[in-house]
$ cat coords17.csv   # CSV, C-alpha atoms
chain,number,residue,atom,x,y,z
K,166,MET,CA,-29.9,16.4,31.0
K,167,THR,CA,-33.4,17.5,29.9
K,168,LEU,CA,-34.8,18.8,26.7
K,169,GLN,CA,-35.3,22.2,28.3
K,170,GLN,CA,-31.6,22.4,29.1
K,171,LEU,CA,-30.8,21.6,25.5
K,172,LYS,CA,-33.1,24.5,24.4
K,173,TYR,CA,-31.2,26.8,26.8
K,174,ILE,CA,-27.8,26.1,25.3
K,175,ILE,CA,-29.1,26.4,21.8
K,176,ALA,CA,-30.6,29.8,22.6
K,177,ILE,CA,-27.4,31.0,24.2
K,178,ASP,CA,-25.4,29.9,21.1
K,179,ARG,CA,-27.9,31.5,18.7
K,180,TYR,CA,-27.7,35.0,20.4
K,181,ARG,CA,-24.3,34.8,22.0
K,182,ASN,CA,-25.9,37.1,24.6
K,183,PHE,CA,-27.5,36.0,27.9
K,184,ALA,CA,-30.0,38.8,28.0
K,185,LYS,CA,-31.4,38.1,24.5
K,186,ALA,CA,-31.4,34.3,25.1
K,187,ALA,CA,-33.2,34.8,28.4
K,188,ALA,CA,-35.8,37.0,26.7
K,189,GLU,CA,-36.5,34.3,24.1
K,190,LEU,CA,-36.7,31.6,26.8
K,191,ASP,CA,-38.9,33.8,29.1
K,192,VAL,CA,-36.5,33.5,32.1
K,193,THR,CA,-34.4,36.0,33.8
K,194,GLN,CA,-30.8,36.5,32.9
K,195,PRO,CA,-29.5,35.4,36.3
K,196,THR,CA,-31.7,32.3,36.1
K,197,LEU,CA,-30.3,31.4,32.7
K,198,SER,CA,-26.7,31.8,33.9
K,199,ALA,CA,-27.4,29.7,36.9
K,200,LEU,CA,-29.0,26.9,34.8
K,201,LEU,CA,-26.1,26.9,32.4
K,202,GLN,CA,-23.6,26.6,35.3
K,203,LYS,CA,-25.6,23.7,36.7
K,204,LEU,CA,-25.6,21.9,33.4
K,205,GLU,CA,-21.8,22.4,33.0
K,206,ASP,CA,-21.3,21.1,36.5
K,207,GLU,CA,-23.4,18.0,35.7
K,208,LEU,CA,-21.4,17.4,32.5
K,209,GLY,CA,-18.1,18.2,34.0
K,210,VAL,CA,-17.1,20.5,31.0
K,211,ARG,CA,-17.3,24.2,30.2
K,212,LEU,CA,-19.7,24.7,27.3
K,213,PHE,CA,-19.3,28.5,26.9
K,214,GLU,CA,-16.5,31.0,27.5
K,215,ARG,CA,-18.0,34.1,29.1
K,216,SER,CA,-16.6,37.6,29.4
K,217,ASN,CA,-18.1,41.0,29.8
K,218,LYS,CA,-18.2,41.5,26.1
K,219,SER,CA,-19.0,38.1,24.6
K,220,VAL,CA,-20.3,34.6,25.0
K,221,ARG,CA,-19.0,31.9,22.7
K,222,PRO,CA,-19.0,28.1,22.8
K,223,THR,CA,-15.9,26.2,23.7
K,224,ALA,CA,-14.7,23.4,21.3
K,225,ILE,CA,-16.6,20.8,23.3
K,226,GLY,CA,-19.5,23.2,23.6
K,227,GLU,CA,-19.8,23.4,19.8
K,228,THR,CA,-20.0,19.6,19.7
K,229,VAL,CA,-22.6,19.4,22.4
K,230,ILE,CA,-24.7,22.2,20.8
K,231,MET,CA,-24.7,20.3,17.5
K,232,GLN,CA,-25.9,17.2,19.1
K,233,ALA,CA,-28.5,19.1,21.1
K,234,GLU,CA,-29.9,20.5,17.8
K,235,LYS,CA,-30.2,17.1,16.3
K,236,VAL,CA,-31.9,15.7,19.5
K,237,LEU,CA,-34.5,18.5,19.5
K,238,CYS,CA,-35.1,18.1,15.8
K,239,GLN,CA,-35.8,14.4,16.2
K,240,THR,CA,-38.0,15.1,19.2
K,241,GLU,CA,-40.1,17.6,17.3
K,242,MET,CA,-40.7,15.0,14.6
K,243,ILE,CA,-42.8,13.0,17.0
K,244,SER,CA,-45.5,15.7,17.2
K,245,GLU,CA,-45.1,16.4,13.5
K,246,THR,CA,-45.7,12.7,12.7
K,247,ILE,CA,-48.9,12.8,14.7
K,248,ALA,CA,-50.1,16.0,13.0
K,249,GLU,CA,-49.4,14.4,9.6
K,250,GLN,CA,-51.4,11.3,10.5
K,251,LYS,CA,-54.3,13.6,11.6
K,252,GLY,CA,-54.2,15.5,8.4
K,253,GLU,CA,-53.5,18.8,10.2
K,254,VAL,CA,-51.4,21.7,9.0
K,255,SER,CA,-50.4,23.4,12.2
K,256,GLY,CA,-47.4,24.1,14.4
K,257,LEU,CA,-44.2,25.9,13.7
K,258,LEU,CA,-42.9,26.6,10.1
K,259,SER,CA,-39.5,28.2,9.7
K,260,ILE,CA,-38.5,29.3,6.2
K,261,GLY,CA,-35.1,30.6,5.1
K,262,ILE,CA,-35.0,32.5,1.8
K,263,GLY,CA,-32.4,34.3,-0.3
K,264,PRO,CA,-32.5,38.1,0.0
K,265,SER,CA,-32.6,38.5,-3.8
K,266,ILE,CA,-35.7,36.3,-4.0
K,267,ALA,CA,-37.7,37.3,-1.0
K,268,PRO,CA,-39.0,40.8,-2.2
K,269,TYR,CA,-40.9,39.2,-5.1
K,270,ILE,CA,-42.5,36.4,-3.1
K,271,MET,CA,-42.7,36.9,0.6
K,272,PRO,CA,-45.0,40.0,1.0
K,273,TRP,CA,-47.8,38.2,-0.8
K,274,PHE,CA,-46.9,34.7,0.6
K,275,ILE,CA,-47.1,35.9,4.2
K,276,LYS,CA,-50.5,37.4,3.7
K,277,LYS,CA,-52.0,34.5,1.9
K,278,TYR,CA,-50.4,31.8,4.0
K,279,THR,CA,-51.3,33.2,7.4
K,280,ASP,CA,-54.9,33.8,6.2
K,281,SER,CA,-55.2,30.2,4.9
K,282,TYR,CA,-53.4,28.5,7.8
K,283,PRO,CA,-54.0,30.3,11.0
K,284,GLY,CA,-52.8,27.3,13.0
K,285,VAL,CA,-49.3,27.6,11.7
K,286,LYS,CA,-46.8,29.9,13.5
K,287,LEU,CA,-44.7,31.2,10.5
K,288,THR,CA,-41.2,32.6,10.8
K,289,VAL,CA,-39.2,33.8,7.8
K,290,ASN,CA,-35.5,34.6,7.7
K,291,GLU,CA,-33.6,36.1,4.9
K,292,MET,CA,-30.1,34.5,4.4
K,293,ARG,CA,-27.6,33.8,1.8
K,294,GLY,CA,-27.8,30.5,-0.1
K,295,GLU,CA,-25.0,28.8,1.8
K,296,MET,CA,-26.6,29.7,5.1
K,297,VAL,CA,-29.9,28.3,3.9
K,298,ILE,CA,-28.3,25.0,3.3
K,299,GLU,CA,-26.4,25.0,6.5
K,300,SER,CA,-29.5,26.0,8.6
K,301,ILE,CA,-31.5,23.2,7.0
K,302,ARG,CA,-28.7,20.7,7.7
K,303,LEU,CA,-28.6,21.7,11.3
K,304,GLY,CA,-32.4,21.7,11.7
K,305,LYS,CA,-32.5,25.5,12.4
K,306,ILE,CA,-35.1,26.0,9.6
K,307,ASP,CA,-37.6,23.7,8.1
K,308,ILE,CA,-37.6,24.8,4.4
K,309,GLY,CA,-35.2,26.8,2.3
K,310,ILE,CA,-35.8,28.7,-0.9
K,311,ALA,CA,-32.5,29.7,-2.7
K,312,ILE,CA,-30.8,29.8,-6.0
K,313,SER,CA,-30.5,26.3,-7.6
K,314,GLY,CA,-27.3,24.3,-7.5
K,315,ASN,CA,-26.6,24.3,-3.8
K,316,SER,CA,-26.1,20.9,-2.3
K,317,ALA,CA,-25.2,19.0,0.9
K,318,PRO,CA,-25.3,15.3,1.7
K,319,GLU,CA,-28.2,15.7,4.1
K,320,VAL,CA,-30.2,18.1,2.0
K,321,VAL,CA,-32.7,17.4,-0.9
K,322,GLU,CA,-33.1,20.0,-3.7
K,323,ILE,CA,-36.4,20.3,-5.4
K,324,PRO,CA,-36.4,22.5,-8.6
K,325,PHE,CA,-39.0,25.2,-8.1
K,326,TYR,CA,-39.0,27.8,-10.9
K,327,CYS,CA,-36.8,29.6,-13.5
K,328,GLU,CA,-37.1,33.3,-14.1
K,329,PRO,CA,-35.7,35.1,-17.2
K,330,PHE,CA,-33.5,38.1,-16.8
K,331,LEU,CA,-34.2,41.3,-18.7
K,332,VAL,CA,-31.8,44.2,-19.5
K,333,TYR,CA,-32.4,47.6,-17.9
K,334,VAL,CA,-30.6,50.3,-19.8
K,335,ALA,CA,-30.2,54.0,-19.2
K,336,LYS,CA,-32.4,56.3,-21.3
K,337,ASP,CA,-29.4,57.5,-23.5
K,338,CYS,CA,-28.2,53.9,-24.0
K,339,LEU,CA,-29.4,52.3,-27.2
K,340,LEU,CA,-33.1,53.0,-26.4
K,341,LYS,CA,-34.2,52.4,-30.0
K,342,MET,CA,-33.0,48.7,-29.9
K,343,PRO,CA,-36.0,46.3,-29.6
K,344,ALA,CA,-33.8,43.6,-28.0
K,345,PHE,CA,-30.4,43.4,-26.3
K,346,ASN,CA,-27.4,41.8,-27.8
K,347,PRO,CA,-24.6,41.5,-25.2
K,348,ALA,CA,-21.9,42.4,-27.7
K,349,ASP,CA,-23.6,45.8,-28.3
K,350,LEU,CA,-22.7,47.2,-24.9
K,351,LEU,CA,-19.3,45.7,-24.2
K,352,HIS,CA,-17.8,49.1,-23.6
K,353,GLU,CA,-20.6,50.6,-21.5
K,354,LYS,CA,-20.9,50.4,-17.8
K,355,MET,CA,-22.1,47.2,-16.3
K,356,TRP,CA,-23.6,47.3,-12.9
K,357,ILE,CA,-23.8,44.0,-11.1
K,358,MET,CA,-25.4,42.4,-8.0
K,359,LYS,CA,-23.1,39.4,-7.7
K,360,GLU,CA,-25.3,36.9,-5.8
K,361,SER,CA,-28.4,37.2,-7.9
K,362,GLN,CA,-27.0,37.8,-11.3
K,363,CYS,CA,-24.0,35.4,-11.6
K,364,MET,CA,-25.9,32.3,-12.8
K,365,ARG,CA,-24.2,29.0,-13.5
K,366,GLU,CA,-26.4,28.0,-16.4
K,367,SER,CA,-26.3,31.3,-18.3
K,368,ALA,CA,-24.7,31.2,-21.7
K,369,PHE,CA,-24.5,34.9,-21.4
K,370,SER,CA,-23.2,35.6,-17.9
K,371,PHE,CA,-22.4,39.0,-16.6
K,372,CYS,CA,-19.7,37.3,-14.5
K,373,LYS,CA,-17.9,36.0,-17.7
K,374,THR,CA,-17.8,39.5,-19.2
K,375,ARG,CA,-17.3,41.6,-16.0
K,376,SER,CA,-13.7,42.5,-16.8
K,377,ILE,CA,-14.7,44.1,-20.1
K,378,GLY,CA,-17.0,46.9,-18.8
K,379,GLN,CA,-15.5,50.2,-17.6
K,380,HIS,CA,-16.8,49.8,-14.1
K,381,ILE,CA,-18.5,47.2,-11.9
K,382,TYR,CA,-20.4,48.1,-8.8
K,383,GLU,CA,-21.6,45.1,-6.7
K,384,ALA,CA,-24.7,46.5,-5.2
K,385,GLY,CA,-26.9,44.9,-2.4
K,386,SER,CA,-30.2,45.1,-4.2
K,387,ILE,CA,-31.8,45.3,-7.6
K,388,GLU,CA,-33.4,48.6,-6.7
K,389,THR,CA,-30.0,50.1,-6.0
K,390,LEU,CA,-28.8,49.0,-9.4
K,391,ILE,CA,-31.7,50.6,-11.2
K,392,ARG,CA,-31.1,53.9,-9.4
K,393,ILE,CA,-27.4,53.7,-10.3
K,394,VAL,CA,-28.2,53.1,-14.0
K,395,ASP,CA,-30.8,56.0,-14.0
K,396,ILE,CA,-28.2,58.4,-12.6
K,397,ASN,CA,-24.9,57.1,-14.0
K,398,GLY,CA,-25.9,55.5,-17.3
K,399,GLY,CA,-24.9,52.0,-18.5
K,400,PHE,CA,-27.0,48.9,-17.9
K,401,THR,CA,-27.9,46.0,-15.6
K,402,ILE,CA,-30.0,42.9,-15.6
K,403,ILE,CA,-33.2,42.5,-13.6
K,404,PRO,CA,-35.4,39.4,-12.9
K,405,GLU,CA,-38.7,39.5,-14.7
K,406,MET,CA,-40.7,39.6,-11.4
K,407,HIS,CA,-39.1,43.0,-10.7
K,408,LEU,CA,-41.2,44.6,-13.5
K,409,PRO,CA,-44.2,45.5,-11.2
K,410,PHE,CA,-41.8,47.5,-9.0
K,411,LEU,CA,-40.8,49.8,-11.9
K,412,THR,CA,-42.5,53.1,-12.8
K,413,ASP,CA,-44.1,53.5,-16.2
K,414,SER,CA,-41.1,55.5,-17.4
K,415,GLN,CA,-38.6,53.0,-16.1
K,416,ARG,CA,-40.4,50.2,-17.9
K,417,GLU,CA,-39.6,51.9,-21.2
K,418,ASN,CA,-35.9,51.2,-20.4
K,419,VAL,CA,-36.3,47.4,-20.2
K,420,ARG,CA,-35.2,45.2,-23.1
K,421,PRO,CA,-35.3,41.4,-23.6
K,422,ILE,CA,-32.1,39.5,-24.2
K,423,GLU,CA,-31.9,38.0,-27.7
K,424,GLY,CA,-33.0,34.3,-27.8
K,425,ARG,CA,-29.7,32.7,-28.4
K,426,TYR,CA,-28.3,34.1,-25.1
K,427,VAL,CA,-29.6,32.1,-22.2
K,428,SER,CA,-29.9,34.3,-19.2
K,429,ARG,CA,-32.1,33.3,-16.3
K,430,ARG,CA,-32.0,32.3,-12.6
K,431,CYS,CA,-33.4,29.1,-11.3
K,432,VAL,CA,-34.7,28.8,-7.8
K,433,SER,CA,-35.1,25.6,-5.7
K,434,ILE,CA,-36.8,24.4,-2.5
K,435,TYR,CA,-34.5,22.7,0.0
K,436,ILE,CA,-35.4,20.3,2.8
K,437,ARG,CA,-33.6,17.7,4.9
K,438,LYS,CA,-33.7,14.1,3.6
K,439,ASP,CA,-35.6,13.1,6.7
K,440,PHE,CA,-38.2,15.8,6.3
K,441,ILE,CA,-41.6,14.3,7.1
K,442,ARG,CA,-44.0,17.3,7.2
K,443,HIS,CA,-45.3,16.7,3.7
K,444,ARG,CA,-48.7,18.4,4.3
K,445,MET,CA,-46.8,21.5,5.6
K,446,LEU,CA,-44.6,21.5,2.5
K,447,LYS,CA,-47.6,21.0,0.2
K,448,SER,CA,-49.4,23.9,1.9
K,449,MET,CA,-46.4,26.2,1.4
K,450,VAL,CA,-45.9,25.2,-2.3
K,451,GLU,CA,-49.6,25.6,-3.1
K,452,THR,CA,-49.6,29.1,-1.7
K,453,MET,CA,-46.4,30.0,-3.7
K,454,LEU,CA,-48.0,28.7,-6.9
K,455,SER,CA,-50.7,31.4,-6.5
K,456,ILE,CA,-48.0,34.1,-6.6
K,457,ILE,CA,-45.4,32.9,-9.1
K,458,PRO,CA,-46.3,33.1,-12.8
K,459,PRO,CA,-47.2,29.6,-14.1
K,460,LYS,CA,-44.9,29.8,-17.1
K,461,MET,CA,-41.9,29.9,-14.7
K,462,ILE,CA,-42.8,26.8,-12.6
K,463,ASP,CA,-40.6,23.8,-13.1
K,464,ASN,CA,-42.4,21.0,-14.8
K,465,GLY,CA,-41.4,18.4,-12.2
K,466,LEU,CA,-42.5,20.4,-9.2
K,467,LEU,CA,-46.0,19.1,-9.0
K,468,ASP,CA,-44.9,15.5,-9.0
K,469,ASN,CA,-42.1,16.1,-6.5
K,470,ILE,CA,-44.4,17.7,-4.0
K,471,GLU,CA,-47.3,15.3,-4.8
K,472,LEU,CA,-49.8,18.0,-5.5
K,473,ARG,CA,-51.6,16.0,-8.1

$ encode --input "coords17.csv" --output "structure tokens"
Amino acid sequence: MTLQQLKYIIAIDRYRNFAKAAAELDVTQPTLSALLQKLEDELGVRLFERSNKSVRPTAIGETVIMQAEKVLCQTEMISETIAEQKGEVSGLLSIGIGPSIAPYIMPWFIKKYTDSYPGVKLTVNEMRGEMVIESIRLGKIDIGIAISGNSAPEVVEIPFYCEPFLVYVAKDCLLKMPAFNPADLLHEKMWIMKESQCMRESAFSFCKTRSIGQHIYEAGSIETLIRIVDINGGFTIIPEMHLPFLTDSQRENVRPIEGRYVSRRCVSIYIRKDFIRHRMLKSMVETMLSIIPPKMIDNGLLDNIELR
């Protein structure tokens, strides 16, 4: 068995489609099918069940694929170790990030990072928090950025930043109030984006009071929630970094939450415990620090990443 063969079965598993896997590997579909058959003959087991409509790993195939991912991950560490010793920031960098975080960071990050580090081949994938952790654990991505509090035995969490929530209210909804007290709108419409707004550490959590409101709509984006409030009335909460996305008239509908109600979301960086590309991680964090407001940054981040 060769490393190239391991890459073949990983690609087939990723796409569950021979044509797409072959395109990534830069081989023809018949060639890939023949190479898979040859590997299965060598191993004496069937790794994938094939039909006209689908390709999926067998039970033994899933085990082999998992081992293949670990082997390739360990192999890549050899070149990464050499690059670290040379002081180079180059090679592949794969980042997984939560979809409710990406809009406020990634457009600027991609521009600044690719300009500063042309030797790095950057790929970014939006994925839910649990998928970020699983992808790191399996070595499918290098670094994850997701809501804090996710954990796994093989994954290290580094607190990154905490961002306050603000209340966005409809124009006819208590506009004269300088700040928002949650009790004031108990009977109004609450509009919620579950993944980004249900925070574990919030003393005032929309999740805790979600049964009180007249209606809850679990939208897929903050932008959708704002449009719903503009048209239907009621209120929602938005992260502070969404403010630049609002029009001047929409900003007039934003209210702070009174101080005794803790409402924020915290974001962390996730890496494998055996992660060794410290210069790469440092380059990513330094670029992020030029984008995220300094007041939000976790006090321990600089020491964790060894930027000082």

$ atom_distance --input "coords17.csv" --atom1 "atom CA of Gly304 of chain K" --atom2 "atom CA of Gly261 of chain K"
11.4 Å

$ atom_distance --input "coords17.csv" --atom1 "atom CA of Pro222 of chain K" --atom2 "atom CA of Ile260 of chain K"
25.6 Å

$ closest_residue --input "coords17.csv" --among "K:Ala311, K:Cys327, K:Val192, K:Ala224" --to "Pro264 of chain K" --atoms "only C-alpha atoms"
K:Ala311

$ residues_around --input "coords17.csv" --residues "Tyr180 of chain K" --least-positions-apart "3" --cutoff "12 Å" --atoms "all atoms listed in the file" --output "list in words"
Tyr173, Ile174, Ile175, Ala176, Ile177, Phe183, Ala184, Lys185, Ala186, Ala187, Ala188, Glu189, Leu190, Ser219, Val220, Arg221 and Pro222 of chain K

$ write_last_selection --input "coords17.csv" --atoms "C-alpha atoms" --output "PDB file, in the coordinates of the input"
ATOM      1  CA  TYR K 173     -31.200  26.800  26.800  1.00  0.00           C
ATOM      2  CA  ILE K 174     -27.800  26.100  25.300  1.00  0.00           C
ATOM      3  CA  ILE K 175     -29.100  26.400  21.800  1.00  0.00           C
ATOM      4  CA  ALA K 176     -30.600  29.800  22.600  1.00  0.00           C
ATOM      5  CA  ILE K 177     -27.400  31.000  24.200  1.00  0.00           C
ATOM      6  CA  PHE K 183     -27.500  36.000  27.900  1.00  0.00           C
ATOM      7  CA  ALA K 184     -30.000  38.800  28.000  1.00  0.00           C
ATOM      8  CA  LYS K 185     -31.400  38.100  24.500  1.00  0.00           C
ATOM      9  CA  ALA K 186     -31.400  34.300  25.100  1.00  0.00           C
ATOM     10  CA  ALA K 187     -33.200  34.800  28.400  1.00  0.00           C
ATOM     11  CA  ALA K 188     -35.800  37.000  26.700  1.00  0.00           C
ATOM     12  CA  GLU K 189     -36.500  34.300  24.100  1.00  0.00           C
ATOM     13  CA  LEU K 190     -36.700  31.600  26.800  1.00  0.00           C
ATOM     14  CA  SER K 219     -19.000  38.100  24.600  1.00  0.00           C
ATOM     15  CA  VAL K 220     -20.300  34.600  25.000  1.00  0.00           C
ATOM     16  CA  ARG K 221     -19.000  31.900  22.700  1.00  0.00           C
ATOM     17  CA  PRO K 222     -19.000  28.100  22.800  1.00  0.00           C
TER      18      PRO K 222
END

$ atom_distance --input "coords17.csv" --atom1 "atom CA of Thr193 of chain K" --atom2 "atom CA of Lys235 of chain K"
26.1 Å

$ residues_around --input "coords17.csv" --residues "segment 314-326 of chain K" --least-positions-apart "5" --cutoff "6 Å" --atoms "all atoms listed in the file" --output "list in words"
Cys431, Val432, Ser433, Ile434, Tyr435, Ile436, Arg437, Lys438, Met461, Ile462 and Asp463 of chain K

$ closest_residue --input "coords17.csv" --among "K:Ile310, K:Cys238, K:Ile357, K:Val419" --to "Met271 of chain K" --atoms "all atoms listed in the file"
K:Ile310
